[in-house]
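This report refers to the structure that appears directly beneath it.
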Amino acid sequence: MSLKTQGTINIAAKNNLILRTDTSLLTKKDIDVQTDIGNLYAKSLNVSSSEGKVSILGNGNVNLETQNDGWYTLKNRINAKNGIILGSKGENAITKINTVDLKSTDGNVLLLSGGDLTLDGNNGYTTGMKAAVASGFINAKDVTLWSKTGVLDISSGVINASNGGISIRAGNNAQVHDIDLNSTKNIEINSDKDLILERTNTRANQHIALSSKGNINAYQNYILDAKGVLSAISNGSIDGQGYGGAVIVEANQLSNNGIDFRATGSELLQLDTKLKNINGNLSIQLNKDFVIKPTHGHDTITLVAENDIDVRSKQGAIRIEGENFAPNLNEAGFVGIISRKGGLSLEGTSVDIKGTKINVQKDINIVSTKGDLVIDGIADKVNGVSKKKDLINSQDDQEKKNFIANTITGVENFNSELSTNTGNINISSKKGVSITGANIDAKQGIVNIQAQGVLNGKYRATAKKKGPLQKN
């Protein structure tokens, strides 16, 4: 079916409405397609309003499919100068849209659903001898995807907000994967349950806000990059990696996948009178334990900020644990914490730092509010050649170099390092403090160590009792 006119197009059905494959609705003015109580179905729909807006709404389920013969996919195409509204408005009604191009030069795009909302652009086809996929796009000033009570699942293609933001809201789980999100302003993704980001490239010229009443899982994401504030707030567990001018993470706990967030600082925040004081800061606040450690195959984990790093666990411990040398790896899995211009604050009910290299510009403050505070290195078994390359390659201490250059058996200790270029180092514990296998260096300041009690357990050396290093 093809309908072309200069005036308004109105199509209404009391019950179900089915538009034949490749239906075309073309006009200068507004286009309004709706069902009162029924479902709406279309296949490879072509709708264009050169000077108006388009509204396609069903009270029941809305399903836009594509024609695909294995060689070619005929997309759904909706173009309206002043805005597009598409979806199901009925309670618990489902909206499913496959491979669609939505474009509004001067307006906004709203995709909505009373229940589940699926935007799927991954419809496979073959060209010549090569397999490929057809993916859609959404281009508009401002883009909103809203599933009122259901699961939101969007994948493949590109969403561009040219003069506004991207808002994604789910009344249930939200799954955003295999898609690019680009906004000249903000990107907000909110879920009333779990939020999953996988294989997406998400970029905002201003801020990115992730929030979930459940868990946030973004560790398998590709790019999460905000020139302004990157915030991730979860009532459950959280993992992920990303960059922001400033980074704020709040959650109940970390997942086992860990985190890798970096606060780079930005001109956008520096010029904002309300936000300049957090420019370049990395803040992580948890209710339960804060635990980060490398796994076999990952040499290091790093927390990096241009300015201050603040990590607090309200009801749990701080455990930052490097890892011994993994099989077939020549490097230990150290945890790195780096602040180029600021300082570091760590606070938990107890603090355990092992195999960690900390280098900041200003003060280091480490506080254990209830239990012990322990700083230690990594003890690694040696049965062969030493892994202390720095000593082997140095020009000093020739006797030690000659000793460890031979085959040896025993245990080697690799120190943790805490250093500040201009500030002080303050270490405070409600109970005991144990510092072994660590280099602590306040280059221009002082080191303060305070223990208000004794260690919970009797001190135990970390070195394994294999005796002194023996030359074979």
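Residue numbering restarts at 1 for every chain of the structure tokens, chains are lettered A, B, ... in their displayed order, and ligands are numbered from 1 as they appear.
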Return as a PyMOL selection string the full set of residues in stretch 202-336 of chain A whose backbone-based DSSP assignment is strand (DSSP E or B). chain A and resi 202-204+208-212+216-218+223-234+237-251+253-263+282-286+290-292+300-305+309-313+318-321+323+333-336
Could you list, as an NGL selection string, every residue within 9 Å of stretch 90-102 of chain A, counting only C-alpha atoms and ignoring same-chain residues fewer than 5 positions away? :A and (37 or 39 or 44-45 or 58-66 or 73-80 or 84 or 109 or 111-123 or 134-140 or 147-150 or 156-157)
Considering only C-alpha atoms, return as a ChimeraX atom specification whatever protein or nucleic-acid residues lie within 9 Å of A:Asp372, sequence-local ones (same chain, fewer than 5 positions apart) excluded. /A:349-352,429-434,451,453-456
Could you write out that same residue set with C-alpha atoms as a PDB file, in the first residue's frame?
ATOM      1  CA  THR A 349      36.178  -1.288  59.098  1.00  0.00           C
ATOM      2  CA  SER A 350      39.538  -2.984  58.506  1.00  0.00           C
ATOM      3  CA  VAL A 351      42.208  -2.438  55.862  1.00  0.00           C
ATOM      4  CA  ASP A 352      44.407  -5.058  54.209  1.00  0.00           C
ATOM      5  CA  SER A 429      43.813   1.977  63.067  1.00  0.00           C
ATOM      6  CA  LYS A 430      41.213   1.450  65.783  1.00  0.00           C
ATOM      7  CA  LYS A 431      43.169  -1.696  66.671  1.00  0.00           C
ATOM      8  CA  GLY A 432      46.620  -2.810  65.540  1.00  0.00           C
ATOM      9  CA  VAL A 433      48.884  -1.850  62.656  1.00  0.00           C
ATOM     10  CA  SER A 434      51.148  -4.315  60.849  1.00  0.00           C
ATOM     11  CA  ALA A 451      47.393   2.263  66.487  1.00  0.00           C
ATOM     12  CA  GLY A 453      44.911  -1.106  70.135  1.00  0.00           C
ATOM     13  CA  VAL A 454      46.701  -4.360  69.418  1.00  0.00           C
ATOM     14  CA  LEU A 455      46.475  -6.719  66.478  1.00  0.00           C
ATOM     15  CA  ASN A 456      43.569  -9.157  66.592  1.00  0.00           C
TER      16      ASN A 456
END
Distance query A:Thr302 at most 7 Å, only C-alpha atoms, self and fewer than 6 positions along chain excluded, as a PyMOL selection string: chain A and resi 260+335-337
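Using only C-alpha atoms, the residues found no farther than 12 Å from A:Thr5, other than those of its own chain fewer than 5 positions away, are A:Asn10, A:Ser24, A:Leu25, A:Leu26, A:Thr27, A:Lys28, A:Lys29, A:Asp30, A:Ile31, A:Ser48, A:Ser49, A:Ser50.
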Nearest-residue call for A:Ile223, choices A:Leu373, A:Leu3, A:Ile208, A:Ile11, using only C-alpha atoms: A:Ile208
Check the smallest atom-to-atom distance from each of A:Lys227, A:Lys43, A:Arg20, A:Arg199 to A:Asn186 using only C-alpha atoms, then report the winner. A:Lys227
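From atom CA of A:Ser234 back to atom CA of A:Ser212, the distance works out to 4.8 Å.
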